[in-house]
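> I have a structure here, written as structure tokens, and I will follow up with some questions on it.
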Amino acid sequence: QVQLVESGGSLVQAGESLRLSCAASGSIKSINAMGWYRQAPGKQRELVALITSRGSTNYADSVKGRFTISRLYARNSVYLRMNSLKPEDTAVYYCNYKDDVDYWGQGTQVTVSS
């Protein structure tokens with residue numbers, strides 16, 4: 001079993017920055033990928049950023065150049081640095097751990113006001 005706990009969501013103004021954190025516990029394998037997804041009201045959950053065990057990253061086109069994903073293996077944690085936030089970034093952000101199944105956190109709300 002894997003447990004994921006996100007933190008760092010908040011209400012911010014457009015142009016500001018936030019850093020989301022995700023702490024993983026349980027049967028974590030460092031070789032597995034972790035990532036961040038988001039879901040806005042009325043929309044499907046979408047990939048925001050992914051990081052593999054080798055440090056390779058993948059970003060949604062909408063966040064490239066503004067968001068940075070990183071991982072700290074010693075703490076089984078993954079982070080998402082979000083700069084130049086836009087109102088369209090408003091969503092619930094979910095931490096994801098990929099094993100035989102996908103594990104999800106409870107989500108953290110990010111709201112960006114214009």
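Letters A, B, ... go to the chains of the structure tokens in the order shown; residues in each chain start at 1; ligands are counted from 1 in the same order.
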Could you find all residues in chain A that DSSP calls strand (DSSP E or B) from the backbone, and write them as an NGL selection string?

:A and (2-7 or 11-13 or 18-26 or 34-39 or 46-51 or 57-59 or 67-72 or 77-82 or 91-98 or 102-104 or 108-113)

> Name all residues at most 9 Å from A:Phe67 (count only C-alpha atoms; drop same-chain ones fewer than 6 positions away) and give them as an NGL selection string.

:A and (48-49 or 59 or 80-85)

> With C-alpha atoms kept, could you save the residues just selected as a compact mmCIF listing (two decimals), in the first residue's frame?


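File written: again-v2.txt
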# COMPACT_ATOMS: atom_id res chain seq x y z
CA VAL A 48 0.60 18.38 -15.27
CA ALA A 49 4.09 16.97 -14.81
CA TYR A 59 5.12 18.56 -18.78
CA LEU A 80 5.82 21.07 -8.01
CA ARG A 81 7.10 24.60 -8.26
CA MET A 82 4.54 26.77 -10.04
CA ASN A 83 5.55 30.21 -11.27
CA SER A 84 3.62 32.84 -13.17
CA LEU A 85 0.33 31.31 -12.18

> Given the choices A:Thr52, A:Asn58, A:Thr68, A:Ser114, which gets closest to A:Thr90 if the distance is worked out from only C-alpha atoms?

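Smallest distance to A:Thr90 is found for A:Ser114.
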
> Can you tell me, as a PyMOL selection string, what residues are no more than 9 Å from A:Ser77 when counting only C-alpha atoms, ignoring any on the same chain fewer than 2 positions away?

chain A and resi 21-25+70-75+79

> Using only C-alpha atoms, find the one residue out of A:Ser7, A:Thr57, A:Gln1, A:Gln109 that sits nearest to A:Met34.

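Answer, going by the shortest atom-to-atom distance: A:Thr57.
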
> From the list A:Asp89, A:Trp104, A:Ser56, A:Ala40, which residue is nearest A:Gln13 when using only C-alpha atoms?

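Closest to A:Gln13 of all the choices is A:Asp89.
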
> Please identify the helix (DSSP H, G or I) residues within chain A (assignment by DSSP from backbone atoms) and present them as a ChimeraX atom specification.

/A:61-63,73-75,87-89

> Report, in Å with one decimal, the straight-line distance from atom CA of A:Glu46 to atom CA of A:Tyr94.

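Atom-to-atom, atom CA of A:Glu46 and atom CA of A:Tyr94 are spaced 9.7 Å apart.
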
> Ranking A:Leu47, A:Val92, A:Val110, A:Leu20 by minimum distance to A:Glu6 and counting only C-alpha atoms, which one comes first?

A:Leu20

> So, with only C-alpha atoms as the atoms that count, which of A:Leu4, A:Leu50, A:Asp102, A:Val63 lies closest to A:Trp36?

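Answer, going by the shortest atom-to-atom distance: A:Leu50.
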
> Which residue out of A:Ala91, A:Gly65, A:Ser10, A:Gly105 has the minimum interatomic distance to A:Arg45 when only C-alpha atoms are used?

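The shortest atom-to-atom distance to A:Arg45 comes from A:Ala91.
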
> Please indicate the distance in Å from atom CA of A:Gln44 to atom CA of A:Lys64, rounded to one decimal place.

19.5 Å

> Just give me the gap between atom CA of A:Thr108 and atom CA of A:Val5 in Å, one decimal is fine.

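Straight-line distance from atom CA of A:Thr108 to atom CA of A:Val5 works out to 9.0 Å.
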